[in-house]
Structure formats: C-alpha cells, structure tokens
>>> print(open('upload12.txt').read())   # compact mmCIF, C-alpha atoms
# COMPACT_ATOMS: atom_id res chain seq x y z
CA MET A 1 0.00 0.00 0.00
CA ARG A 2 1.12 3.53 -0.77
CA SER A 3 -0.20 6.29 1.39
CA SER A 4 0.36 9.90 2.08
CA ASP A 5 -0.80 12.54 4.53
CA GLY A 6 -0.14 15.29 2.01
CA SER A 7 3.60 14.89 1.78
CA LEU A 8 5.41 13.89 -1.40
CA ILE A 9 5.10 10.39 -2.80
CA GLU A 10 7.97 8.71 -4.60
CA VAL A 11 7.11 7.37 -8.04
CA HIS A 12 9.15 5.29 -10.49
CA LEU A 13 8.46 5.55 -14.21
CA THR A 14 10.15 4.59 -17.45
CA VAL A 15 9.96 7.55 -19.84
CA ASN A 16 11.13 6.95 -23.42
CA GLY A 17 13.31 4.14 -22.14
CA ASP A 18 14.90 6.07 -19.28
CA ALA A 19 14.26 5.27 -15.62
CA VAL A 20 12.77 8.29 -13.83
CA ARG A 21 12.37 8.60 -10.07
CA ARG A 22 10.51 11.62 -8.68
CA ALA A 23 8.78 12.61 -5.44
CA VAL A 24 5.50 14.27 -6.36
CA PRO A 25 2.44 15.66 -4.56
CA PRO A 26 -0.76 13.60 -5.08
CA GLU A 27 -2.31 16.20 -7.38
CA ARG A 28 0.61 16.33 -9.85
CA THR A 29 -0.60 15.40 -13.34
CA LEU A 30 1.44 13.47 -15.86
CA ALA A 31 1.26 16.48 -18.22
CA GLU A 32 2.82 18.71 -15.54
CA LEU A 33 5.51 16.14 -14.75
CA LEU A 34 6.46 15.66 -18.41
CA ARG A 35 6.48 19.35 -19.30
CA GLU A 36 7.72 21.04 -16.14
CA ASP A 37 9.95 18.43 -14.48
CA LEU A 38 11.27 16.49 -17.47
CA LEU A 39 11.02 19.35 -20.04
CA LEU A 40 9.31 17.03 -22.53
CA THR A 41 7.17 19.82 -23.93
CA GLY A 42 5.95 17.75 -26.88
CA CYS A 43 3.10 16.83 -24.53
CA LYS A 44 0.77 19.79 -25.15
CA GLN A 45 -1.74 21.12 -22.65
CA GLY A 46 -4.60 22.28 -24.87
CA CYS A 47 -7.90 22.18 -23.00
CA ASP A 48 -6.43 20.57 -19.87
CA GLN A 49 -9.78 18.85 -19.28
CA GLY A 50 -9.79 15.74 -21.41
CA ASP A 51 -11.46 17.02 -24.57
CA CYS A 52 -8.75 17.85 -27.12
CA GLY A 53 -6.23 15.00 -27.04
CA ALA A 54 -3.20 17.27 -27.45
CA CYS A 55 -1.62 15.79 -24.30
CA THR A 56 -1.99 12.19 -25.55
CA VAL A 57 0.95 9.98 -24.54
CA LEU A 58 1.29 6.22 -24.34
CA VAL A 59 0.97 4.74 -20.85
CA ASP A 60 1.92 1.06 -20.93
CA GLY A 61 1.19 1.12 -24.65
CA ARG A 62 -2.28 2.65 -24.45
CA ALA A 63 -3.03 6.17 -25.65
CA GLN A 64 -4.06 8.19 -22.60
CA LEU A 65 -4.53 11.82 -21.65
CA ALA A 66 -1.67 13.16 -19.55
CA CYS A 67 -3.82 16.08 -18.32
CA LEU A 68 -6.26 13.74 -16.53
CA THR A 69 -3.66 11.29 -15.29
CA LEU A 70 -2.29 11.59 -11.78
CA VAL A 71 1.37 10.63 -11.59
CA VAL A 72 0.84 8.79 -8.30
CA ALA A 73 -1.78 6.60 -9.98
CA ILE A 74 0.64 5.20 -12.59
CA ASP A 75 3.63 4.31 -10.43
CA GLY A 76 5.73 1.77 -12.32
CA ALA A 77 4.30 2.63 -15.75
CA THR A 78 6.15 2.91 -19.05
CA ILE A 79 5.54 6.24 -20.78
CA GLU A 80 6.21 7.06 -24.43
CA THR A 81 6.11 10.65 -25.68
CA VAL A 82 6.72 12.19 -29.09
CA GLU A 83 10.33 12.86 -28.10
CA GLY A 84 10.93 9.10 -27.97
CA LEU A 85 9.61 8.31 -31.45
CA GLN A 86 12.73 9.14 -33.44
CA GLN A 87 15.52 6.57 -33.35
CA ARG A 88 19.14 7.79 -33.61
CA GLY A 89 18.06 10.93 -35.40
CA ARG A 90 15.84 9.14 -37.89
CA LEU A 91 12.18 10.09 -37.89
CA HIS A 92 9.62 7.43 -37.01
CA PRO A 93 7.83 6.32 -40.22
CA LEU A 94 4.67 8.08 -39.05
CA GLN A 95 6.62 11.30 -38.45
CA ALA A 96 8.17 11.00 -41.93
CA ALA A 97 4.70 10.41 -43.41
CA PHE A 98 3.32 13.48 -41.60
CA VAL A 99 6.09 15.55 -43.20
CA ALA A 100 5.59 14.00 -46.63
CA HIS A 101 1.82 14.53 -46.58
CA GLY A 102 1.78 18.02 -45.09
CA ALA A 103 -0.09 16.66 -42.07
CA ALA A 104 1.19 19.33 -39.66
CA GLN A 105 -0.16 22.87 -39.90
CA CYS A 106 0.34 24.80 -36.66
CA GLY A 107 1.71 21.60 -35.13
CA PHE A 108 0.01 21.82 -31.76
CA CYS A 109 -2.04 18.65 -32.17
CA THR A 110 0.73 16.78 -33.99
CA PRO A 111 2.45 15.00 -31.05
CA GLY A 112 -0.88 13.70 -29.73
CA MET A 113 -1.98 12.67 -33.22
CA LEU A 114 1.30 10.79 -33.73
CA LEU A 115 1.00 8.90 -30.46
CA SER A 116 -2.62 7.91 -31.12
CA ALA A 117 -1.50 6.74 -34.57
CA VAL A 118 1.43 4.77 -33.10
CA ALA A 119 -0.92 2.97 -30.66
CA LEU A 120 -3.39 2.29 -33.47
CA LEU A 121 -0.86 0.85 -35.93
CA ARG A 122 0.80 -1.32 -33.28
CA ALA A 123 -2.57 -2.94 -32.59
CA SER A 124 -3.72 -2.89 -36.20
CA PRO A 125 -0.74 -2.42 -38.57
CA ARG A 126 -2.92 -2.45 -41.70
CA ALA A 127 -5.72 -0.28 -40.28
CA SER A 128 -8.36 0.84 -42.76
CA ARG A 129 -9.24 4.50 -43.30
CA ASP A 130 -12.33 4.09 -41.11
CA GLU A 131 -10.26 2.47 -38.36
CA ILE A 132 -7.80 5.35 -38.60
CA ARG A 133 -10.62 7.88 -38.29
CA ALA A 134 -11.92 6.06 -35.21
CA GLY A 135 -8.42 5.70 -33.76
CA LEU A 136 -7.81 9.45 -34.03
CA ALA A 137 -11.31 10.53 -32.94
CA GLY A 138 -10.02 11.69 -29.57
CA ASN A 139 -7.51 14.13 -31.10
CA LEU A 140 -8.80 17.50 -32.26
CA CYS A 141 -7.01 19.62 -34.88
CA ARG A 142 -8.09 23.25 -34.61
CA CYS A 143 -6.54 23.92 -38.04
CA THR A 144 -9.02 21.22 -39.18
CA GLY A 145 -6.32 19.53 -41.24
CA TYR A 146 -7.78 16.08 -40.72
CA VAL A 147 -7.66 14.82 -44.30
CA LYS A 148 -3.89 15.07 -44.62
CA ILE A 149 -3.37 13.60 -41.17
CA ILE A 150 -5.50 10.58 -42.07
CA ASP A 151 -3.73 10.37 -45.46
CA ALA A 152 -0.36 10.23 -43.70
CA VAL A 153 -1.40 7.46 -41.31
CA GLU A 154 -3.06 5.56 -44.13
CA ALA A 155 0.13 5.74 -46.21
CA VAL A 156 2.06 4.02 -43.41
CA ALA A 157 -0.72 1.48 -42.85
CA ARG A 158 -0.74 0.64 -46.58
CA GLY A 159 3.02 0.28 -46.60
CA ASP A 160 3.50 3.10 -49.11
CA ASP A 161 6.67 4.12 -47.31
CA GLU A 162 9.78 2.00 -47.56
CA GLU A 163 10.01 1.19 -43.84
CA PRO A 164 7.36 -0.56 -41.77
CA ALA A 165 6.29 1.01 -38.46
CA PRO A 166 8.27 -0.52 -35.56
CA MET B 1 -7.06 19.24 -7.78
CA THR B 2 -5.31 19.52 -4.45
CA ALA B 3 -5.76 16.54 -2.19
CA THR B 4 -4.10 16.40 1.19
CA GLY B 5 -4.32 12.64 1.54
CA TYR B 6 -3.69 9.85 -0.92
CA VAL B 7 -3.77 6.09 -0.61
CA ARG B 8 -3.36 3.47 -3.33
CA PRO B 9 -4.43 0.12 -1.91
CA ALA B 10 -2.93 -3.09 -3.29
CA SER B 11 -5.93 -5.33 -2.57
CA ILE B 12 -9.69 -5.16 -2.01
CA ALA B 13 -9.08 -5.82 1.69
CA GLU B 14 -6.72 -2.85 1.88
CA ALA B 15 -9.15 -0.70 -0.10
CA VAL B 16 -12.04 -1.56 2.22
CA ALA B 17 -9.87 -0.80 5.23
CA ALA B 18 -8.78 2.54 3.73
CA ARG B 19 -12.37 3.45 2.86
CA ALA B 20 -13.51 2.63 6.39
CA ALA B 21 -10.63 4.60 7.90
CA HIS B 22 -11.32 7.65 5.71
CA PRO B 23 -15.08 7.81 4.98
CA ASP B 24 -14.74 11.48 3.95
CA TRP B 25 -12.19 10.70 1.21
CA ILE B 26 -13.22 10.28 -2.39
CA VAL B 27 -12.74 6.97 -4.22
CA LEU B 28 -10.94 7.49 -7.51
CA CYS B 29 -11.26 4.96 -10.33
CA GLY B 30 -9.99 6.49 -13.57
CA ALA B 31 -10.33 10.20 -12.77
CA THR B 32 -11.88 11.09 -16.14
CA ASP B 33 -14.64 12.92 -14.26
CA LEU B 34 -12.93 14.09 -11.09
CA MET B 35 -9.97 15.65 -12.89
CA VAL B 36 -12.17 17.42 -15.45
CA GLU B 37 -14.23 19.13 -12.79
CA ALA B 38 -11.38 19.54 -10.32
CA PRO B 39 -11.00 23.31 -10.79
CA LEU B 40 -14.74 23.81 -10.21
CA ARG B 41 -15.15 21.73 -7.09
CA PRO B 42 -13.80 21.94 -3.58
CA ALA B 43 -10.66 19.82 -3.29
CA PRO B 44 -11.30 16.37 -1.84
CA VAL B 45 -9.97 15.86 1.67
CA GLY B 46 -8.18 12.79 0.38
CA VAL B 47 -8.24 10.14 -2.31
CA VAL B 48 -8.52 6.34 -2.15
CA ASP B 49 -7.22 5.39 -5.60
CA VAL B 50 -8.41 1.98 -6.79
CA TRP B 51 -7.72 2.44 -10.52
CA ALA B 52 -6.00 -0.62 -12.01
CA LEU B 53 -6.30 -2.49 -8.71
CA ALA B 54 -5.88 -6.02 -10.07
CA GLU B 55 -8.57 -7.63 -7.90
CA LEU B 56 -11.08 -5.08 -9.19
CA CYS B 57 -10.28 -5.61 -12.89
CA GLY B 58 -11.61 -8.20 -15.27
CA ILE B 59 -14.69 -9.65 -16.93
CA ALA B 60 -15.76 -13.21 -16.16
CA GLU B 61 -18.72 -15.53 -16.49
CA VAL B 62 -20.35 -16.51 -13.17
CA ASP B 63 -23.46 -18.32 -11.97
CA GLY B 64 -24.66 -19.97 -15.16
CA GLY B 65 -24.43 -17.23 -17.72
CA ALA B 66 -24.21 -14.05 -15.69
CA VAL B 67 -21.30 -11.71 -16.44
CA ARG B 68 -19.35 -10.10 -13.60
CA ILE B 69 -17.36 -6.98 -14.40
CA GLY B 70 -14.81 -5.72 -11.87
CA ALA B 71 -15.41 -2.11 -10.86
CA ALA B 72 -12.00 -0.93 -12.08
CA THR B 73 -12.35 -2.51 -15.52
CA PRO B 74 -11.73 0.24 -18.09
CA TRP B 75 -14.22 0.79 -20.92
CA ARG B 76 -11.73 -0.34 -23.56
CA ASP B 77 -11.75 -3.84 -22.03
CA VAL B 78 -15.57 -3.81 -22.09
CA VAL B 79 -15.53 -2.78 -25.78
CA THR B 80 -13.17 -5.59 -26.77
CA SER B 81 -14.56 -8.39 -24.55
CA PRO B 82 -16.05 -11.33 -26.52
CA LEU B 83 -18.12 -12.21 -23.43
CA ILE B 84 -19.71 -8.73 -23.32
CA ALA B 85 -20.27 -8.81 -27.09
CA ALA B 86 -22.16 -12.08 -26.72
CA ARG B 87 -24.15 -11.41 -23.55
CA ALA B 88 -24.50 -7.64 -23.22
CA PRO B 89 -23.95 -6.15 -26.69
CA ILE B 90 -25.60 -2.86 -25.71
CA LEU B 91 -23.05 -2.39 -22.92
CA ALA B 92 -20.27 -2.70 -25.51
CA ALA B 93 -22.16 -0.27 -27.76
CA ALA B 94 -22.50 2.28 -24.95
CA ALA B 95 -18.85 1.84 -23.93
CA ARG B 96 -17.72 2.45 -27.51
CA GLU B 97 -19.41 5.88 -27.38
CA ILE B 98 -17.85 6.98 -24.08
CA GLY B 99 -15.34 9.67 -25.04
CA ALA B 100 -12.63 8.45 -27.41
CA LEU B 101 -9.97 5.77 -27.01
CA GLN B 102 -7.94 7.78 -24.51
CA ILE B 103 -10.92 8.16 -22.17
CA GLN B 104 -11.94 4.52 -22.68
CA ALA B 105 -8.44 3.48 -21.58
CA ARG B 106 -8.89 5.18 -18.19
CA GLY B 107 -12.60 5.54 -17.46
CA THR B 108 -14.17 2.58 -15.64
CA ILE B 109 -17.58 1.03 -15.11
CA GLY B 110 -17.24 1.41 -11.34
CA GLY B 111 -16.37 5.07 -11.80
CA ASN B 112 -19.48 5.62 -13.93
CA VAL B 113 -21.67 3.90 -11.33
CA GLY B 114 -20.02 5.72 -8.42
CA THR B 115 -20.21 9.19 -9.98
CA SER B 116 -23.86 8.48 -10.81
CA SER B 117 -24.25 11.38 -13.21
CA PRO B 118 -27.70 11.57 -14.81
CA VAL B 119 -25.81 11.52 -18.15
CA GLY B 120 -23.52 8.57 -17.32
CA ASP B 121 -23.56 6.67 -20.62
CA SER B 122 -23.50 3.12 -19.28
CA LEU B 123 -26.13 3.61 -16.59
CA PRO B 124 -29.33 3.22 -18.69
CA VAL B 125 -27.82 -0.03 -20.01
CA LEU B 126 -27.32 -1.33 -16.47
CA LEU B 127 -31.00 -0.58 -15.81
CA ALA B 128 -32.20 -2.32 -18.99
CA LEU B 129 -30.06 -5.39 -18.28
CA ASP B 130 -31.15 -5.51 -14.61
CA ALA B 131 -27.59 -5.35 -13.30
CA THR B 132 -26.59 -5.80 -9.67
CA VAL B 133 -23.95 -3.76 -7.83
CA GLU B 134 -21.68 -5.59 -5.41
CA LEU B 135 -20.57 -3.48 -2.44
CA ALA B 136 -17.93 -4.35 0.15
CA SER B 137 -17.37 -2.87 3.59
CA PRO B 138 -15.93 -4.06 6.91
CA ARG B 139 -19.49 -5.26 7.63
CA GLY B 140 -19.33 -7.68 4.69
CA THR B 141 -20.55 -7.77 1.10
CA ARG B 142 -24.02 -6.87 -0.12
CA ARG B 143 -25.66 -6.87 -3.53
CA VAL B 144 -27.95 -4.04 -4.54
CA PRO B 145 -30.15 -4.17 -7.65
CA TYR B 146 -28.84 -1.36 -9.84
CA ARG B 147 -32.35 0.09 -10.19
CA ASP B 148 -32.28 0.91 -6.46
CA TYR B 149 -28.73 2.30 -6.55
CA PRO B 150 -29.15 5.89 -7.80
CA THR B 151 -31.28 7.71 -5.22
CA GLY B 152 -31.21 11.31 -6.49
CA TYR B 153 -29.03 13.83 -8.27
CA ARG B 154 -25.56 12.25 -7.96
CA THR B 155 -26.63 10.52 -4.74
CA THR B 156 -26.57 6.76 -4.36
CA ALA B 157 -27.23 3.86 -2.02
CA LEU B 158 -23.48 3.61 -1.30
CA ALA B 159 -22.70 3.93 2.41
CA ALA B 160 -19.74 6.04 3.52
CA ASP B 161 -17.67 2.95 4.35
CA GLU B 162 -18.59 0.96 1.25
CA LEU B 163 -16.60 0.26 -1.91
CA ILE B 164 -18.05 -0.68 -5.31
CA VAL B 165 -16.46 -4.04 -6.13
CA ALA B 166 -18.26 -5.32 -9.23
CA ILE B 167 -21.25 -5.05 -11.52
CA THR B 168 -23.04 -8.28 -12.42
CA ILE B 169 -25.31 -8.64 -15.43
CA PRO B 170 -27.66 -11.63 -15.26
CA ALA B 171 -28.10 -13.92 -18.25
CA ALA B 172 -30.79 -12.56 -20.55
CA HIS B 173 -33.36 -14.81 -22.19
CA PRO B 174 -31.85 -15.87 -25.53
CA GLY B 175 -34.86 -14.47 -27.37
CA ALA B 176 -34.60 -11.01 -25.82
CA ARG B 177 -33.65 -8.04 -27.99
CA GLN B 178 -31.18 -5.51 -26.61
CA LEU B 179 -31.41 -1.96 -27.95
CA TRP B 180 -29.33 1.16 -27.32
CA ARG B 181 -29.30 4.73 -28.58
CA LYS B 182 -27.33 7.78 -27.52
CA VAL B 183 -28.31 11.15 -28.95
CA GLY B 184 -25.77 13.96 -28.69
CA THR B 185 -24.80 17.09 -30.57
CA ARG B 186 -22.60 15.00 -32.86
CA ARG B 187 -21.49 11.39 -33.12
CA ALA B 188 -18.04 11.64 -31.51
CA GLN B 189 -16.88 13.03 -28.19
CA SER B 190 -20.09 14.73 -27.08
CA ILE B 191 -21.98 14.54 -23.82
CA SER B 192 -25.41 13.02 -24.34
CA LYS B 193 -28.67 14.92 -24.76
CA ILE B 194 -30.50 11.67 -24.00
CA MET B 195 -29.64 7.98 -23.81
CA ALA B 196 -32.03 5.02 -23.95
CA ALA B 197 -31.44 1.31 -23.49
CA ALA B 198 -33.99 -1.47 -23.65
CA LEU B 199 -34.41 -5.18 -23.29
CA LEU B 200 -37.60 -6.36 -25.02
CA ARG B 201 -38.84 -9.91 -25.56
CA VAL B 202 -41.69 -11.07 -27.74
CA GLU B 203 -43.49 -14.42 -27.61
CA ALA B 204 -46.33 -15.34 -29.93
CA GLY B 205 -46.86 -11.77 -31.05
CA ARG B 206 -46.95 -10.20 -27.60
CA PHE B 207 -44.35 -8.51 -25.44
CA VAL B 208 -43.61 -10.67 -22.41
CA GLU B 209 -40.64 -8.74 -21.00
CA ALA B 210 -39.72 -5.04 -21.16
CA ARG B 211 -37.08 -3.08 -19.32
CA ILE B 212 -36.27 0.46 -20.44
CA GLY B 213 -33.44 2.50 -18.92
CA LEU B 214 -33.18 6.21 -19.67
CA GLY B 215 -30.52 8.86 -19.08
CA ALA B 216 -30.66 12.65 -19.01
CA VAL B 217 -34.42 12.82 -18.64
CA ALA B 218 -34.58 12.92 -14.83
CA ASN B 219 -32.29 13.81 -11.94
CA ARG B 220 -30.82 10.30 -12.13
CA PRO B 221 -30.81 7.35 -14.52
CA ILE B 222 -34.31 5.85 -14.36
CA ARG B 223 -36.40 2.90 -15.46
CA ALA B 224 -39.42 3.95 -17.53
CA ALA B 225 -41.90 1.96 -15.44
CA GLY B 226 -44.97 3.49 -17.11
CA ALA B 227 -43.75 2.72 -20.61
CA GLU B 228 -42.76 -0.79 -19.55
CA ALA B 229 -46.24 -1.38 -18.16
CA ALA B 230 -47.74 -0.17 -21.43
CA ILE B 231 -45.62 -2.65 -23.37
CA VAL B 232 -45.74 -5.88 -21.34
CA GLY B 233 -48.72 -8.00 -22.41
CA ALA B 234 -49.43 -5.78 -25.42
CA PRO B 235 -49.24 -6.99 -29.02
CA VAL B 236 -46.34 -6.08 -31.27
CA GLY B 237 -46.83 -3.10 -33.55
CA GLU B 238 -47.54 0.62 -33.85
CA ALA B 239 -50.31 0.86 -31.23
CA THR B 240 -48.00 -0.41 -28.49
CA ALA B 241 -45.20 1.87 -29.66
CA ASP B 242 -47.56 4.84 -29.42
CA ALA B 243 -48.83 3.77 -25.99
CA ALA B 244 -45.25 3.50 -24.68
CA ALA B 245 -44.41 6.96 -26.01
CA ALA B 246 -47.54 8.42 -24.41
CA ALA B 247 -46.67 6.83 -21.07
CA LEU B 248 -43.24 8.46 -21.12
CA ALA B 249 -44.79 11.94 -21.18
CA ALA B 250 -46.44 11.20 -17.85
CA GLU B 251 -43.38 9.85 -16.05
CA LEU B 252 -40.38 11.89 -17.23
CA THR B 253 -39.12 15.20 -15.89
CA PRO B 254 -36.40 16.33 -18.30
CA ILE B 255 -34.76 19.69 -17.75
CA THR B 256 -33.53 22.46 -20.02
CA ASP B 257 -29.80 23.05 -19.74
CA VAL B 258 -26.76 23.92 -21.86
CA ARG B 259 -26.96 20.68 -23.82
CA SER B 260 -30.65 20.55 -24.71
CA THR B 261 -34.18 21.61 -23.85
CA ALA B 262 -36.86 19.79 -21.90
CA PRO B 263 -39.28 19.55 -24.89
CA TYR B 264 -36.49 18.27 -27.19
CA ARG B 265 -35.41 15.65 -24.67
CA LEU B 266 -38.96 14.39 -24.14
CA ALA B 267 -39.81 14.28 -27.85
CA THR B 268 -36.52 12.55 -28.69
CA VAL B 269 -36.74 9.92 -25.99
CA GLN B 270 -40.35 9.22 -26.99
CA GLN B 271 -39.26 8.72 -30.61
CA VAL B 272 -36.33 6.49 -29.63
CA VAL B 273 -38.51 4.26 -27.42
CA ARG B 274 -41.14 4.15 -30.17
CA ARG B 275 -38.48 2.87 -32.59
CA PHE B 276 -37.27 0.31 -30.02
CA VAL B 277 -40.79 -1.13 -29.80
CA LEU B 278 -41.14 -1.22 -33.58
CA GLU B 279 -37.72 -2.80 -34.03
CA ALA B 280 -38.52 -5.49 -31.46
CA SER B 281 -41.87 -5.98 -33.20
CA SER B 282 -40.19 -7.04 -36.42
CA PRO B 283 -38.73 -10.55 -36.76
CA SER B 284 -35.27 -10.83 -35.21
CA SER B 285 -32.37 -9.77 -37.34
CA PRO B 286 -28.72 -9.47 -36.36
CA ASP B 287 -28.15 -6.08 -34.74
>>> encode(input="upload12.txt", output="structure tokens")
Amino acid sequence: MRSSDGSLIEVHLTVNGDAVRRAVPPERTLAELLREDLLLTGCKQGCDQGDCGACTVLVDGRAQLACLTLVVAIDGATIETVEGLQQRGRLHPLQAAFVAHGAAQCGFCTPGMLLSAVALLRASPRASRDEIRAGLAGNLCRCTGYVKIIDAVEAVARGDDEEPAP
Amino acid sequence: MTATGYVRPASIAEAVAARAAHPDWIVLCGATDLMVEAPLRPAPVGVVDVWALAELCGIAEVDGGAVRIGAATPWRDVVTSPLIAARAPILAAAAREIGALQIQARGTIGGNVGTSSPVGDSLPVLLALDATVELASPRGTRRVPYRDYPTGYRTTALAADELIVAITIPAAHPGARQLWRKVGTRRAQSISKIMAAALLRVEAGRFVEARIGLGAVANRPIRAAGAEAAIVGAPVGEATADAAAAALAAELTPITDVRSTAPYRLATVQQVVRRFVLEASSPSSPD
C-alpha cells in the first residue's frame, strides 16, 4: 500500500526508455511532470480537461490523456512521448509520413496525433481508413487539417513508405 | 485538484480498510470525471485510488451465464470483450461511445456507477439489463439491484464505508432483444442529450418482457416503469409503440440546460422508445 498525509510520494516511471524517479504531490498530473519536471514539452496542454487529445501519450502502450492522469496513480508505468519516437536521429515512419503529406499545420495537435496513430498501428498495422478515423477521434485539430493527417497514417498502414512502423 | 491525503491500496481488503478509515475521502477509479471538474469543485480531503487495482479488474462468467465486471475494468476492455459482445452487446455499444480511445483506456464502469451522473452513458444499459452492484465494507458484502442504486441527483445507495467491487449482469433470455441509442450534438466526443437502453422480448406476437433505462431525462438514470407497463402484455406493432411513447410523457421530468431543452429531450426519448418497440416488433435480425 502507498499512502500519504499530504507529503510527497515517490514514483518510479520509465519515460522513453529512461528510468525516472521523482517525489510528487498527489495532485501532480502526468502532463505537468512531463512538461515542467522532465522538459518534454511535446506533450501539449490544450484544453487541460480531457477534450482535445493534445496531451496524448502512451501509458503502458495505451493512448491516454496526460492532463487527466495523476502521476501517483501510474507508479511503475512505461511512458512514451513524441520525443521518444525518433531513433538515432531518424524520424519514425509516421513522423516522416506526416512531413511528406503536409499533415502538420500549426503543429500543436501533432504530437498527440502521432502517439494515437502509433498505438493504433501497433494494434492494427494495416488499419483501414475508417479504423484510422476512429483511432484518431479523440484528437482535435483546430486547423481542421484532418484529411492530410489521415492520409499520412493511411500511407504508413498501406506500406507506401519503404520502412514498416516498428 | 489539491488533495491532502492519498492512498493506493494493493488489494480489495486494503481498499475496504482505507475506505472505512477515511469515509470522507473520495474513491478514484480512472479520474476522467474528477480531474475534469477539479477546478470547479472543492478539493477532496483525500483520495482512495483503486484504478487498475488487479482484484477489481476483469470480466468473467459466473453463476450460469451471468457476467461479472470488476469495478476498475476500463471501458476499452468492455468494448473488446467477446463475453460482453455475446451477452451484453448494448453495454459494448454504450462503452464504444464513451469519449474516445484515450478516455476509454482510463474511465471505468465502477467510476461511472459511483459518480452516478444523470448523463452517465452506461447507466441506462445497467437498468435495462437488470444489473446488480456488489458493495464491500468491513461489515461484509451486499448486492444491490442497480435500479435501487441511484437515489437522487448524484446521490446513491453507497454507504460512507462501502466500496463498489463489481457489476453483475444476469443472463438474458436468448430471445430477448437488446437496444441502445445515444443522442448527442454530434457522433463523436459529445456529452449526451439523451440515452435510452432497452431489453424487449416477444413471444407469440406479444411482449412478455420489457425493461427500459433512460438517461438525461430525470435527476438520475431511471427505469421507464410506465412505458414498460404499457408494453408488457401488449401486441407487437404501432399501437404499443404509441402507448409506450404516451406513457413516457407522464413519467419523465427532463430539464432544459446547456446541452438541450426539456421539450427536445422528451420528444426525442419518446421517438427512440417508439423505434425500439417497432424494431422489437419485427422478426429478429442481427443487430
């Protein structure tokens, strides 16, 4: 059992492959931890109330909203953020497809979109256009550039790019 | 949110002990509601966090065809469960429309039941399927029919020292039709204007079983007892559909708020229930 009378609680996480140990107050959200403590500002705080999906990160492989997630509630979890997608300076195939298809406009929704797409294609590597639409339904793009975003994910799902998604 | 106390139990026994020790603390099971409204509400004195507690997670068959769902089971697991798809397809349908994937990964059935919002998406389904809520406390375990669980606006039968452990859905008659409809501003990501769930069964041209659960048309999720009474024993067809719709006008008290108006809610729920009756009146087809 973990308990606290209001003092800090120590939490262990794996973030983009690195072990992270932090003492946090119970109300600290994962979005605050990533952005303010770990300086992983790819996790965007858009609405900060679970509507927009801009703070989407992967928690133990599932796309979740960092703004609604208490750090103390996910002790031991493995976190993946947009900063961890590239490998040795090479863009992730989905990132490369976003560039190739012009899928980023202002860019604010892009990290969340990418992580939802990563989770989707890991579970369903050949996802159909409808499955892609459903998989990204929790991520809003205020530039409304949805068509190119879906095109980019579909290109990876169809294997149009030379490399398969890891 | 600023909580001064936090406990994350590792077992149901620890959770029950923590709940009993801190009856004024809030039980957290996903936080997709609490965290959203956190800036608008007084901070909880403390939090008993049971999200992902292994003993509270999982979907299993029990007692000859009933399905028991652990309180901390997230909606995504309900959506993808073959057992739910076979036995309680309208629960899977409702779960699929709760937020998007990110919310379904964290939000839980026990959280929906505990929060007891009049617009909780799964709650009309639990009424239509005659679910039972299993509650644990230091005094033991008790089972409450879900229809008796919501007692008013966000108030429930849960005692201050009790913990929601599981929701059990009894086996439905194989000939029963399950129906579900959520009406919101748009298809994705919107809070409901109304929800309706029904279990209807026809034998020899007459309705022999009818349970209708409704959301967002009263201060809590409710069974439409008047409409059910108008349906059971009546023949299939338009006349019964009309009688059920007429009965709803007498028993519902929808409100006008930011999401909809009272007349729209009543007219829409009447139309949805009418269609349920007509759909169940036609020979069975795969939903």
>>> closest_residue(input="upload12.txt", among="B:Ile191, B:Ala54, B:Ile169, B:Ala159", to="Asp24 in chain B", atoms="all atoms listed in the file")
B:Ala159
>>> atom_distance(input="upload12.txt", atom1="CA of Arg21 in chain A", atom2="CA of Val82 in chain A")
20.2 Å
>>> closest_atom_pairs(input="upload12.txt", of="chain B", to="chain A", cutoff="7 Å", atoms="only C-alpha atoms", output="CSV")
residue,atom,partner,partner_atom,distance
B:Met1,CA,A:Glu27,CA,5.7
B:Thr2,CA,A:Glu27,CA,5.3
B:Ala3,CA,A:Glu27,CA,6.2
B:Thr4,CA,A:Gly6,CA,4.2
B:Gly5,CA,A:Asp5,CA,4.6
B:Tyr6,CA,A:Ser4,CA,5.0
B:Val7,CA,A:Ser3,CA,4.1
B:Arg8,CA,A:Arg2,CA,5.2
B:Pro9,CA,A:Met1,CA,4.8
B:Ala10,CA,A:Met1,CA,5.4
B:Ala31,CA,A:Leu68,CA,6.6
B:Thr32,CA,A:Leu68,CA,6.2
B:Met35,CA,A:Leu68,CA,5.5
B:Val36,CA,A:Gln49,CA,4.7
B:Ala100,CA,A:Gly138,CA,4.7
B:Leu101,CA,A:Gly138,CA,6.4
B:Gln102,CA,A:Gln64,CA,4.3
B:Ile103,CA,A:Gln64,CA,6.9
B:Ala105,CA,A:Gln64,CA,6.5
B:Ala188,CA,A:Ala137,CA,7.0
>>> residues_around(input="upload12.txt", residues="range 175-184 of chain B", least_positions_apart="6", cutoff="8 Å", atoms="all atoms listed in the file", output="list in words")
Ala88, Pro89, Ile90, Ala93, Ala94, Asp121, Val125, Ser190, Ile191, Ser192, Lys193, Ile194, Met195, Ala196, Ala197, Ala198, Leu199, Leu200, Arg201, Val202, Val272, Phe276, Ala280 and Ser284 of chain B
>>> residues_around(input="upload12.txt", residues="Gly17 in chain A", least_positions_apart="6", cutoff="12 Å", atoms="all atoms listed in the file", output="list of chain:residue names")
A:Asp60, A:Ala77, A:Thr78, A:Ile79, A:Glu80, A:Thr81, A:Glu83, A:Gly84, A:Leu85, A:Gln87
>>> atom_distance(input="upload12.txt", atom1="CA of Cys106 in chain A", atom2="CA of Cys43 in chain A")
14.8 Å
>>> atom_distance(input="upload12.txt", atom1="CA of Pro221 in chain B", atom2="CA of Gly140 in chain B")
27.0 Å
